[in-house]
Structures are given as C-alpha cells and as structure tokens.
Amino acid sequence: MAKLKITLVKSAAHRLPKQRKIVKEFGLNRVSSSVIKPDNAATRGVIFQISHLVSVEEIKD
C-alpha cells in the first residue's frame, strides 16, 4: 500500500480554527515538518481541506 509524505509549507497561524486543528492532529508542528500517513480516502479528504498549507508526495513501498 502506498503512503503519503505530508510536509507543512505554510504556517497555520491566522487560519480557520478547523484548519489549525487538522494541522495539529496530523502532528505538523513547524513549517518544514513532515509526517507519513497511509494513502486512503480519509487522509486524502483531510489533505484536501488544508491543501494550500501542505505539499504531498507519494511514497511507494
């Protein structure tokens, strides 16, 4: 199964509270921090909501 590397490229400060919460729950604390999550519909849906703040790379196993 493929995985996604999600990197925070813009700050979540001064964004909607829902967007700040998503960034925090993903574990993205600072700009340039990255996490690896499974590639599934739920993850893609959440990424869509903060797509202007993150960059996404697909990692193949």
# chains A, B, ... in the order shown; residues from 1 in each chain; ligands from 1
>>> residues_around(residues="range 12-28 of chain A", least_positions_apart="5", cutoff="12 Å", atoms="only C-alpha atoms", output="PyMOL selection string")
chain A and resi 5-7+33-38+43+45-55
>>> write_last_selection(atoms="all heavy atoms", output="short mmCIF file (atom, residue, chain, number, x, y, z; two decimals), in the first residue's frame")
data_model
loop_
_atom_site.label_atom_id
_atom_site.label_comp_id
_atom_site.auth_asym_id
_atom_site.auth_seq_id
_atom_site.Cartn_x
_atom_site.Cartn_y
_atom_site.Cartn_z
N LYS A 5 3.75 11.36 2.11
CA LYS A 5 4.59 12.20 2.94
C LYS A 5 4.01 13.61 2.86
O LYS A 5 3.98 14.21 1.80
CB LYS A 5 6.04 12.20 2.45
CG LYS A 5 6.95 13.06 3.28
CD LYS A 5 8.37 13.01 2.78
CE LYS A 5 9.26 13.89 3.63
NZ LYS A 5 10.62 13.93 3.09
N ILE A 6 3.56 14.11 3.99
CA ILE A 6 2.89 15.41 4.05
C ILE A 6 3.82 16.38 4.75
O ILE A 6 4.26 16.13 5.88
CB ILE A 6 1.56 15.29 4.82
CG1 ILE A 6 0.70 14.20 4.19
CG2 ILE A 6 0.83 16.61 4.86
CD1 ILE A 6 -0.33 13.63 5.10
N THR A 7 4.13 17.48 4.09
CA THR A 7 5.05 18.49 4.61
C THR A 7 4.33 19.83 4.73
O THR A 7 3.70 20.27 3.77
CB THR A 7 6.27 18.64 3.68
OG1 THR A 7 6.87 17.37 3.50
CG2 THR A 7 7.28 19.61 4.27
N SER A 33 8.07 20.65 8.76
CA SER A 33 7.96 19.36 9.43
C SER A 33 7.13 18.43 8.55
O SER A 33 6.26 18.86 7.80
CB SER A 33 7.32 19.50 10.81
OG SER A 33 6.02 20.01 10.72
N SER A 34 7.44 17.13 8.62
CA SER A 34 6.79 16.14 7.76
C SER A 34 6.27 14.97 8.57
O SER A 34 6.82 14.64 9.62
CB SER A 34 7.77 15.62 6.72
OG SER A 34 8.22 16.65 5.89
N VAL A 35 5.23 14.34 8.05
CA VAL A 35 4.70 13.10 8.60
C VAL A 35 4.38 12.16 7.45
O VAL A 35 4.18 12.59 6.32
CB VAL A 35 3.43 13.31 9.46
CG1 VAL A 35 3.74 14.08 10.72
CG2 VAL A 35 2.35 14.00 8.68
N ILE A 36 4.36 10.88 7.75
CA ILE A 36 4.00 9.88 6.74
C ILE A 36 2.69 9.23 7.20
O ILE A 36 2.59 8.73 8.31
CB ILE A 36 5.12 8.84 6.57
CG1 ILE A 36 6.36 9.53 6.05
CG2 ILE A 36 4.66 7.72 5.65
CD1 ILE A 36 7.57 8.64 5.91
N LYS A 37 1.71 9.27 6.32
CA LYS A 37 0.38 8.73 6.60
C LYS A 37 -0.01 7.75 5.50
O LYS A 37 0.47 7.85 4.37
CB LYS A 37 -0.66 9.86 6.66
CG LYS A 37 -0.43 10.88 7.74
CD LYS A 37 -0.76 10.30 9.08
CE LYS A 37 -0.62 11.35 10.17
NZ LYS A 37 -0.92 10.85 11.49
N PRO A 38 -0.92 6.81 5.79
CA PRO A 38 -1.38 5.89 4.75
C PRO A 38 -2.21 6.62 3.70
O PRO A 38 -2.88 7.60 4.01
CB PRO A 38 -2.22 4.87 5.52
CG PRO A 38 -2.62 5.55 6.77
CD PRO A 38 -1.52 6.52 7.09
N THR A 43 -7.60 10.14 4.65
CA THR A 43 -6.42 11.01 4.65
C THR A 43 -6.48 12.00 3.49
O THR A 43 -6.19 13.18 3.66
CB THR A 43 -5.14 10.16 4.55
OG1 THR A 43 -5.11 9.22 5.62
CG2 THR A 43 -3.91 11.04 4.65
N GLY A 45 -9.12 13.21 2.07
CA GLY A 45 -10.14 14.19 2.36
C GLY A 45 -9.66 15.28 3.30
O GLY A 45 -9.95 16.46 3.10
N VAL A 46 -8.88 14.89 4.30
CA VAL A 46 -8.34 15.86 5.24
C VAL A 46 -7.29 16.72 4.55
O VAL A 46 -7.23 17.93 4.75
CB VAL A 46 -7.77 15.14 6.47
CG1 VAL A 46 -7.05 16.11 7.38
CG2 VAL A 46 -8.88 14.44 7.24
N ILE A 47 -6.46 16.11 3.72
CA ILE A 47 -5.43 16.87 2.99
C ILE A 47 -6.10 17.89 2.07
O ILE A 47 -5.59 19.01 1.92
CB ILE A 47 -4.52 15.91 2.19
CG1 ILE A 47 -3.65 15.11 3.15
CG2 ILE A 47 -3.66 16.68 1.22
CD1 ILE A 47 -2.87 14.00 2.48
N PHE A 48 -7.22 17.55 1.49
CA PHE A 48 -7.93 18.48 0.61
C PHE A 48 -8.30 19.76 1.35
O PHE A 48 -8.26 20.86 0.78
CB PHE A 48 -9.17 17.81 0.03
CG PHE A 48 -9.96 18.69 -0.89
CD1 PHE A 48 -9.52 18.93 -2.18
CD2 PHE A 48 -11.12 19.29 -0.45
CE1 PHE A 48 -10.24 19.76 -3.03
CE2 PHE A 48 -11.86 20.12 -1.30
CZ PHE A 48 -11.41 20.35 -2.59
N GLN A 49 -8.64 19.65 2.63
CA GLN A 49 -9.06 20.81 3.41
C GLN A 49 -7.90 21.75 3.74
O GLN A 49 -8.12 22.94 4.00
CB GLN A 49 -9.75 20.36 4.70
CG GLN A 49 -11.04 19.64 4.44
CD GLN A 49 -11.70 19.18 5.73
OE1 GLN A 49 -11.24 19.47 6.82
NE2 GLN A 49 -12.79 18.45 5.58
N ILE A 50 -6.67 21.22 3.76
CA ILE A 50 -5.51 22.07 4.08
C ILE A 50 -4.49 22.03 2.94
O ILE A 50 -3.31 22.25 3.15
CB ILE A 50 -4.85 21.66 5.41
CG1 ILE A 50 -4.41 20.20 5.39
CG2 ILE A 50 -5.77 21.94 6.59
CD1 ILE A 50 -3.50 19.81 6.54
N SER A 51 -4.96 21.80 1.73
CA SER A 51 -4.05 21.65 0.58
C SER A 51 -3.24 22.90 0.30
O SER A 51 -2.14 22.81 -0.25
CB SER A 51 -4.84 21.25 -0.66
OG SER A 51 -5.76 22.26 -0.99
N HIS A 52 -3.72 24.07 0.70
CA HIS A 52 -2.99 25.31 0.48
C HIS A 52 -1.86 25.51 1.49
O HIS A 52 -1.04 26.40 1.34
CB HIS A 52 -3.95 26.50 0.53
CG HIS A 52 -4.71 26.61 1.81
ND1 HIS A 52 -5.71 25.72 2.15
CD2 HIS A 52 -4.60 27.47 2.84
CE1 HIS A 52 -6.20 26.06 3.33
NE2 HIS A 52 -5.53 27.12 3.77
N LEU A 53 -1.79 24.65 2.51
CA LEU A 53 -0.76 24.76 3.55
C LEU A 53 0.30 23.67 3.45
O LEU A 53 1.36 23.80 4.08
CB LEU A 53 -1.40 24.68 4.95
CG LEU A 53 -2.47 25.71 5.29
CD1 LEU A 53 -3.06 25.41 6.65
CD2 LEU A 53 -1.87 27.10 5.26
N VAL A 54 0.03 22.61 2.71
CA VAL A 54 0.93 21.46 2.70
C VAL A 54 1.35 21.08 1.29
O VAL A 54 0.70 21.46 0.32
CB VAL A 54 0.28 20.23 3.38
CG1 VAL A 54 -0.01 20.50 4.84
CG2 VAL A 54 -0.98 19.80 2.67
N SER A 55 2.44 20.31 1.22
CA SER A 55 2.80 19.65 -0.03
C SER A 55 2.77 18.16 0.24
O SER A 55 3.07 17.70 1.35
CB SER A 55 4.19 20.08 -0.51
OG SER A 55 5.19 19.58 0.34
#
>>> select_by_dssp(residues="chain A", states="strand (DSSP E or B)", output="VMD selection string")
chain A and resid 3 to 8 34 to 38 54 to 59
>>> closest_residue(among="A:Val31, A:Lys3, A:Asn40, A:Ser11", to="Glu57 in chain A", atoms="only C-alpha atoms")
A:Lys3
>>> residues_around(residues="Met1 in chain A", least_positions_apart="3", cutoff="8 Å", atoms="only C-alpha atoms", output="list in words")
Pro38, Asp39, Lys60 and Asp61 of chain A
>>> write_last_selection(atoms="N, CA, C and O atoms", output="PDB file, in the first residue's frame")
ATOM      1  N   PRO A  38      -0.917   6.808   5.792  1.00  0.00           N
ATOM      2  CA  PRO A  38      -1.382   5.887   4.751  1.00  0.00           C
ATOM      3  C   PRO A  38      -2.213   6.617   3.703  1.00  0.00           C
ATOM      4  O   PRO A  38      -2.884   7.604   4.011  1.00  0.00           O
ATOM      5  N   ASP A  39      -2.152   6.122   2.489  1.00  0.00           N
ATOM      6  CA  ASP A  39      -2.915   6.721   1.391  1.00  0.00           C
ATOM      7  C   ASP A  39      -4.288   6.068   1.343  1.00  0.00           C
ATOM      8  O   ASP A  39      -4.453   4.976   0.827  1.00  0.00           O
ATOM      9  N   LYS A  60       6.098   4.998  -2.501  1.00  0.00           N
ATOM     10  CA  LYS A  60       5.694   3.635  -2.848  1.00  0.00           C
ATOM     11  C   LYS A  60       6.527   2.653  -2.041  1.00  0.00           C
ATOM     12  O   LYS A  60       7.723   2.814  -1.874  1.00  0.00           O
ATOM     13  N   ASP A  61       5.890   1.594  -1.584  1.00  0.00           N
ATOM     14  CA  ASP A  61       6.590   0.553  -0.823  1.00  0.00           C
ATOM     15  C   ASP A  61       7.198  -0.468  -1.752  1.00  0.00           C
ATOM     16  O   ASP A  61       6.745  -0.836  -2.749  1.00  0.00           O
TER      17      ASP A  61
END
>>> decode(residues="range 3-61 of chain A", atoms="C-alpha atoms", output="PDB file, in the first residue's frame")
ATOM      1  CA  LYS A   3       1.922   6.105   1.749  1.00  0.00           C
ATOM      2  CA  LEU A   4       1.890   9.879   1.637  1.00  0.00           C
ATOM      3  CA  LYS A   5       4.594  12.200   2.939  1.00  0.00           C
ATOM      4  CA  ILE A   6       2.887  15.408   4.055  1.00  0.00           C
ATOM      5  CA  THR A   7       5.049  18.489   4.613  1.00  0.00           C
ATOM      6  CA  LEU A   8       3.843  21.764   6.104  1.00  0.00           C
ATOM      7  CA  VAL A   9       4.989  24.563   3.773  1.00  0.00           C
ATOM      8  CA  LYS A  10       2.944  27.492   5.142  1.00  0.00           C
ATOM      9  CA  SER A  11       2.150  28.427   8.707  1.00  0.00           C
ATOM     10  CA  ALA A  12      -1.238  27.549  10.161  1.00  0.00           C
ATOM     11  CA  ALA A  13      -1.283  30.778  12.186  1.00  0.00           C
ATOM     12  CA  HIS A  14      -4.155  33.130  11.337  1.00  0.00           C
ATOM     13  CA  ARG A  15      -6.105  30.322   9.641  1.00  0.00           C
ATOM     14  CA  LEU A  16      -9.527  28.961  10.455  1.00  0.00           C
ATOM     15  CA  PRO A  17      -9.658  27.050  13.754  1.00  0.00           C
ATOM     16  CA  LYS A  18     -10.673  23.865  11.905  1.00  0.00           C
ATOM     17  CA  GLN A  19      -7.581  24.087   9.692  1.00  0.00           C
ATOM     18  CA  ARG A  20      -5.278  24.719  12.671  1.00  0.00           C
ATOM     19  CA  LYS A  21      -6.777  21.685  14.418  1.00  0.00           C
ATOM     20  CA  ILE A  22      -6.172  19.453  11.383  1.00  0.00           C
ATOM     21  CA  VAL A  23      -2.536  20.556  11.149  1.00  0.00           C
ATOM     22  CA  LYS A  24      -2.014  19.884  14.865  1.00  0.00           C
ATOM     23  CA  GLU A  25      -3.711  16.463  14.740  1.00  0.00           C
ATOM     24  CA  PHE A  26      -1.511  15.439  11.812  1.00  0.00           C
ATOM     25  CA  GLY A  27       1.490  16.167  14.040  1.00  0.00           C
ATOM     26  CA  LEU A  28       2.806  19.031  11.931  1.00  0.00           C
ATOM     27  CA  ASN A  29       4.270  21.411  14.483  1.00  0.00           C
ATOM     28  CA  ARG A  30       6.510  23.705  12.466  1.00  0.00           C
ATOM     29  CA  VAL A  31       6.949  24.774   8.885  1.00  0.00           C
ATOM     30  CA  SER A  32       9.009  22.122   7.032  1.00  0.00           C
ATOM     31  CA  SER A  33       7.958  19.356   9.433  1.00  0.00           C
ATOM     32  CA  SER A  34       6.788  16.140   7.761  1.00  0.00           C
ATOM     33  CA  VAL A  35       4.704  13.097   8.603  1.00  0.00           C
ATOM     34  CA  ILE A  36       3.998   9.878   6.744  1.00  0.00           C
ATOM     35  CA  LYS A  37       0.382   8.727   6.603  1.00  0.00           C
ATOM     36  CA  PRO A  38      -1.382   5.887   4.751  1.00  0.00           C
ATOM     37  CA  ASP A  39      -2.915   6.721   1.391  1.00  0.00           C
ATOM     38  CA  ASN A  40      -6.648   6.250   1.894  1.00  0.00           C
ATOM     39  CA  ALA A  41      -9.836   8.208   1.306  1.00  0.00           C
ATOM     40  CA  ALA A  42      -9.963   9.667   4.831  1.00  0.00           C
ATOM     41  CA  THR A  43      -6.420  11.007   4.649  1.00  0.00           C
ATOM     42  CA  ARG A  44      -6.976  12.436   1.166  1.00  0.00           C
ATOM     43  CA  GLY A  45     -10.143  14.195   2.356  1.00  0.00           C
ATOM     44  CA  VAL A  46      -8.340  15.856   5.236  1.00  0.00           C
ATOM     45  CA  ILE A  47      -5.434  16.866   2.988  1.00  0.00           C
ATOM     46  CA  PHE A  48      -7.926  18.482   0.606  1.00  0.00           C
ATOM     47  CA  GLN A  49      -9.057  20.810   3.409  1.00  0.00           C
ATOM     48  CA  ILE A  50      -5.513  22.067   4.078  1.00  0.00           C
ATOM     49  CA  SER A  51      -4.054  21.647   0.584  1.00  0.00           C
ATOM     50  CA  HIS A  52      -2.992  25.309   0.483  1.00  0.00           C
ATOM     51  CA  LEU A  53      -0.764  24.760   3.549  1.00  0.00           C
ATOM     52  CA  VAL A  54       0.934  21.461   2.704  1.00  0.00           C
ATOM     53  CA  SER A  55       2.804  19.648  -0.029  1.00  0.00           C
ATOM     54  CA  VAL A  56       2.172  15.956  -0.594  1.00  0.00           C
ATOM     55  CA  GLU A  57       4.486  13.316  -2.047  1.00  0.00           C
ATOM     56  CA  GLU A  58       3.539   9.722  -2.732  1.00  0.00           C
ATOM     57  CA  ILE A  59       5.897   7.089  -1.324  1.00  0.00           C
ATOM     58  CA  LYS A  60       5.694   3.635  -2.848  1.00  0.00           C
ATOM     59  CA  ASP A  61       6.590   0.553  -0.823  1.00  0.00           C
TER      60      ASP A  61
END
